[in-house]
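Chemist: My file is start09.pdb. It has PDB, C-alpha atoms, pLDDT in the B column:
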```pdb
ATOM      1  CA  MET W   1     185.735 195.210 -37.397  1.00 82.00           C
ATOM      2  CA  TRP W   2     187.461 198.480 -36.793  1.00 89.00           C
ATOM      3  CA  THR W   3     190.186 199.915 -34.614  1.00 91.00           C
ATOM      4  CA  PRO W   4     189.746 203.246 -32.814  1.00 90.00           C
ATOM      5  CA  GLU W   5     191.865 204.773 -35.629  1.00 90.00           C
ATOM      6  CA  HIS W   6     189.266 203.532 -38.132  1.00 90.00           C
ATOM      7  CA  GLU W   7     191.518 200.880 -39.659  1.00 94.00           C
ATOM      8  CA  LYS W   8     190.006 197.528 -40.596  1.00 94.00           C
ATOM      9  CA  ILE W   9     191.461 194.620 -38.624  1.00 94.00           C
ATOM     10  CA  ALA W  10     188.938 191.876 -39.336  1.00 92.00           C
ATOM     11  CA  SER W  11     186.357 190.829 -41.879  1.00 90.00           C
ATOM     12  CA  ILE W  12     183.107 189.004 -41.346  1.00 89.00           C
ATOM     13  CA  GLY W  13     181.475 186.995 -44.097  1.00 90.00           C
ATOM     14  CA  MET W  14     178.550 184.798 -44.944  1.00 92.00           C
ATOM     15  CA  ARG W  15     177.609 182.663 -47.908  1.00 93.00           C
ATOM     16  CA  ILE W  16     174.671 180.495 -48.874  1.00 95.00           C
ATOM     17  CA  ARG W  17     175.346 177.595 -51.211  1.00 95.00           C
ATOM     18  CA  GLY W  18     173.029 174.689 -51.828  1.00 95.00           C
ATOM     19  CA  GLY W  19     170.746 175.873 -49.038  1.00 94.00           C
ATOM     20  CA  VAL W  20     173.575 175.770 -46.486  1.00 96.00           C
ATOM     21  CA  THR W  21     174.644 178.955 -44.729  1.00 95.00           C
ATOM     22  CA  SER W  22     178.288 179.393 -43.757  1.00 94.00           C
ATOM     23  CA  HIS W  23     179.584 182.164 -41.532  1.00 91.00           C
ATOM     24  CA  GLY W  24     183.133 183.137 -40.739  1.00 90.00           C
ATOM     25  CA  PHE W  25     185.563 185.856 -39.909  1.00 88.00           C
ATOM     26  CA  ALA W  26     189.194 186.638 -40.517  1.00 91.00           C
ATOM     27  CA  LEU W  27     191.287 188.495 -37.965  1.00 93.00           C
ATOM     28  CA  ASN W  28     194.575 189.924 -39.223  1.00 95.00           C
ATOM     29  CA  ILE W  29     197.250 188.724 -36.811  1.00 95.00           C
ATOM     30  CA  ALA W  30     200.477 189.268 -38.761  1.00 94.00           C
ATOM     31  CA  PRO W  31     199.802 189.118 -42.512  1.00 93.00           C
ATOM     32  CA  ASP W  32     201.745 190.871 -45.249  1.00 93.00           C
ATOM     33  CA  LEU W  33     199.522 193.934 -45.445  1.00 93.00           C
ATOM     34  CA  ASN W  34     200.882 194.743 -48.921  1.00 93.00           C
ATOM     35  CA  ALA W  35     198.592 191.990 -50.227  1.00 91.00           C
ATOM     36  CA  PHE W  36     195.631 194.276 -49.503  1.00 89.00           C
ATOM     37  CA  THR W  37     196.852 196.750 -52.135  1.00 88.00           C
ATOM     38  CA  ALA W  38     195.993 194.246 -54.886  1.00 90.00           C
ATOM     39  CA  PHE W  39     192.235 194.533 -54.276  1.00 89.00           C
ATOM     40  CA  THR W  40     189.664 196.667 -52.484  1.00 89.00           C
ATOM     41  CA  PRO W  41     189.009 195.034 -49.101  1.00 86.00           C
ATOM     42  CA  CYS W  42     185.278 194.544 -48.551  1.00 84.00           C
ATOM     43  CA  GLY W  43     184.555 196.956 -51.402  1.00 87.00           C
ATOM     44  CA  LEU W  44     185.668 199.907 -49.265  1.00 89.00           C
ATOM     45  CA  PRO W  45     188.191 201.890 -51.342  1.00 90.00           C
ATOM     46  CA  ASP W  46     189.254 204.397 -48.677  1.00 89.00           C
ATOM     47  CA  VAL W  47     189.922 201.885 -45.907  1.00 88.00           C
ATOM     48  CA  SER W  48     193.355 201.012 -44.516  1.00 92.00           C
ATOM     49  CA  MET W  49     193.894 197.477 -43.300  1.00 94.00           C
ATOM     50  CA  THR W  50     195.911 196.787 -40.162  1.00 95.00           C
ATOM     51  CA  SER W  51     196.925 193.828 -38.026  1.00 96.00           C
ATOM     52  CA  LEU W  52     197.455 192.873 -34.417  1.00 95.00           C
ATOM     53  CA  ALA W  53     201.200 192.856 -35.166  1.00 96.00           C
ATOM     54  CA  ARG W  54     201.136 196.466 -36.370  1.00 94.00           C
ATOM     55  CA  MET W  55     199.046 197.510 -33.374  1.00 94.00           C
ATOM     56  CA  ALA W  56     201.445 195.700 -31.007  1.00 95.00           C
ATOM     57  CA  VAL W  57     204.381 197.699 -32.378  1.00 93.00           C
ATOM     58  CA  THR W  58     202.465 200.941 -31.832  1.00 91.00           C
ATOM     59  CA  LEU W  59     201.674 199.897 -28.247  1.00 92.00           C
ATOM     60  CA  ASP W  60     205.189 198.506 -27.622  1.00 95.00           C
ATOM     61  CA  ALA W  61     203.563 195.162 -26.787  1.00 95.00           C
ATOM     62  CA  PRO W  62     204.377 191.598 -27.842  1.00 96.00           C
ATOM     63  CA  VAL W  63     202.670 190.244 -30.959  1.00 94.00           C
ATOM     64  CA  PRO W  64     200.231 187.475 -29.959  1.00 94.00           C
ATOM     65  CA  THR W  65     200.722 184.088 -31.551  1.00 95.00           C
ATOM     66  CA  GLU W  66     198.046 182.500 -33.699  1.00 94.00           C
ATOM     67  CA  GLU W  67     197.435 179.990 -30.912  1.00 95.00           C
ATOM     68  CA  GLN W  68     196.959 182.762 -28.327  1.00 95.00           C
ATOM     69  CA  VAL W  69     194.519 184.571 -30.601  1.00 94.00           C
ATOM     70  CA  ARG W  70     192.614 181.359 -31.380  1.00 92.00           C
ATOM     71  CA  ASP W  71     192.293 180.556 -27.666  1.00 93.00           C
ATOM     72  CA  ALA W  72     191.219 184.113 -26.800  1.00 93.00           C
ATOM     73  CA  VAL W  73     188.548 184.085 -29.524  1.00 90.00           C
ATOM     74  CA  ALA W  74     187.314 180.657 -28.411  1.00 91.00           C
ATOM     75  CA  ASP W  75     187.161 181.816 -24.788  1.00 93.00           C
ATOM     76  CA  ALA W  76     185.339 185.012 -25.777  1.00 90.00           C
ATOM     77  CA  LEU W  77     182.798 183.012 -27.771  1.00 87.00           C
ATOM     78  CA  GLY W  78     182.327 180.526 -24.940  1.00 87.00           C
ATOM     79  CA  ALA W  79     183.713 177.538 -26.814  1.00 71.00           C
ATOM     80  CA  ALA W  80     183.307 174.264 -24.954  1.00 59.00           C
ATOM     81  CA  GLY W  81     186.183 171.982 -24.167  1.00 57.00           C
ATOM     82  CA  PRO W  82     189.769 172.530 -23.098  1.00 58.00           C
ATOM     83  CA  SER W  83     191.875 175.268 -24.624  1.00 53.00           C
ATOM     84  CA  SER W  84     195.079 174.351 -26.398  1.00 53.00           C
ATOM     85  CA  THR W  85     197.002 175.304 -23.248  1.00 56.00           C
ATOM     86  CA  ASP W  86     195.151 172.513 -21.393  1.00 56.00           C
ATOM     87  CA  ARG W  87     196.147 169.839 -23.913  1.00 52.00           C
TER      88      ARG W  87
END
```
How would this structure read if it were set down as C-alpha coordinates?
Modeler:
Amino acid sequence: MWTPEHEKIASIGMRIRGGVTSHGFALNIAPDLNAFTAFTPCGLPDVSMTSLARMAVTLDAPVPTEEQVRDAVADALGAAGPSSTDR
(Lines of atoms letter the chains of each structure in order from A and count residues from 1; the text may use other names and numbers.)
(Lines give C-alpha, C1' and ligand atoms only; values in the text may rest on other atoms or scores of the structure.)
Protein backbone atom coordinates (compact mmCIF):
# COMPACT_ATOMS: atom_id res chain seq x y z
CA MET A 1 0.00 0.00 0.00
CA TRP A 2 1.34 3.36 -0.98
CA THR A 3 1.15 6.95 0.15
CA PRO A 4 0.59 9.79 -2.34
CA GLU A 5 4.37 10.42 -2.10
CA HIS A 6 4.95 6.85 -3.30
CA GLU A 7 6.28 5.59 0.03
CA LYS A 8 5.28 2.12 1.20
CA ILE A 9 3.25 2.14 4.41
CA ALA A 10 1.85 -1.38 4.45
CA SER A 11 2.53 -4.85 3.13
CA ILE A 12 0.09 -7.52 2.11
CA GLY A 13 1.02 -11.18 2.11
CA MET A 14 -0.26 -14.65 1.47
CA ARG A 15 1.10 -18.13 2.05
CA ILE A 16 -0.07 -21.65 1.37
CA ARG A 17 1.19 -24.38 3.68
CA GLY A 18 -0.27 -27.84 3.98
CA GLY A 19 -3.17 -26.85 1.75
CA VAL A 20 -4.15 -23.97 4.05
CA THR A 21 -4.09 -20.42 2.75
CA SER A 22 -3.21 -17.59 5.13
CA HIS A 23 -3.58 -13.92 4.31
CA GLY A 24 -2.41 -10.90 6.24
CA PHE A 25 -1.15 -7.38 6.16
CA ALA A 26 1.16 -5.20 8.17
CA LEU A 27 0.54 -1.49 8.59
CA ASN A 28 3.47 0.57 9.85
CA ILE A 29 2.17 2.59 12.79
CA ALA A 30 5.36 3.67 14.57
CA PRO A 31 8.17 1.19 13.89
CA ASP A 32 11.89 1.91 13.85
CA LEU A 33 12.16 2.51 10.12
CA ASN A 34 15.93 1.91 10.25
CA ALA A 35 15.12 -1.81 10.42
CA PHE A 36 14.03 -1.61 6.77
CA THR A 37 17.60 -0.78 5.72
CA ALA A 38 18.69 -4.33 6.62
CA PHE A 39 16.69 -5.90 3.78
CA THR A 40 14.82 -5.01 0.60
CA PRO A 41 11.15 -4.59 1.53
CA CYS A 42 8.94 -6.68 -0.75
CA GLY A 43 11.85 -7.08 -3.17
CA LEU A 44 11.53 -3.44 -4.25
CA PRO A 45 15.02 -1.90 -3.98
CA ASP A 46 14.09 1.72 -4.75
CA VAL A 47 11.19 1.98 -2.31
CA SER A 48 11.18 4.08 0.87
CA MET A 49 9.18 2.79 3.80
CA THR A 50 7.17 5.16 5.97
CA SER A 51 4.80 4.99 8.92
CA LEU A 52 1.67 6.62 10.25
CA ALA A 53 3.88 8.29 12.88
CA ARG A 54 6.09 9.89 10.24
CA MET A 55 3.05 11.01 8.26
CA ALA A 56 1.46 12.46 11.42
CA VAL A 57 4.53 14.62 12.03
CA THR A 58 4.37 15.91 8.45
CA LEU A 59 0.67 16.74 8.89
CA ASP A 60 1.16 18.14 12.42
CA ALA A 61 -1.37 15.57 13.64
CA PRO A 62 -1.35 13.19 16.61
CA VAL A 63 0.08 9.71 16.08
CA PRO A 64 -2.74 7.13 16.34
CA THR A 65 -2.35 4.40 18.91
CA GLU A 66 -2.22 0.75 17.92
CA GLU A 67 -5.68 0.32 19.45
CA GLN A 68 -7.10 3.20 17.39
CA VAL A 69 -5.61 1.78 14.21
CA ARG A 70 -6.86 -1.74 15.01
CA ASP A 71 -10.38 -0.43 15.63
CA ALA A 72 -10.35 1.70 12.47
CA VAL A 73 -9.21 -1.27 10.36
CA ALA A 74 -11.83 -3.53 11.94
CA ASP A 75 -14.54 -0.93 11.31
CA ALA A 76 -13.40 -0.44 7.71
CA LEU A 77 -13.48 -4.19 7.12
CA GLY A 78 -16.90 -4.51 8.73
CA ALA A 79 -15.76 -6.65 11.65
CA ALA A 80 -18.61 -7.95 13.78
CA GLY A 81 -18.83 -7.38 17.48
CA PRO A 82 -18.02 -4.47 19.76
CA SER A 83 -14.92 -2.38 19.24
CA SER A 84 -12.38 -2.14 22.03
CA THR A 85 -13.89 1.23 23.00
CA ASP A 86 -17.18 -0.57 23.76
CA ARG A 87 -15.56 -3.07 26.12
Chemist: Interatomic distance between CA of Glu7 in chain W and CA of Ala72 in chain W?
Modeler: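 Computed distance, CA of Glu7 in chain W to CA of Ala72 in chain W, equals 21.1 Å.
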Chemist: Taking the file as shown, find all residues satisfying the PyMOL selection byres ((chain W and resi 8-16) around 12) and write them as a count of residues only.
Modeler: 40
Chemist: What separation in Å, quoted to one decimal, exists between CA of Val63 in chain W and CA of Phe39 in chain W?
Modeler: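 Rounded to one decimal, the two atoms are 25.9 Å apart.
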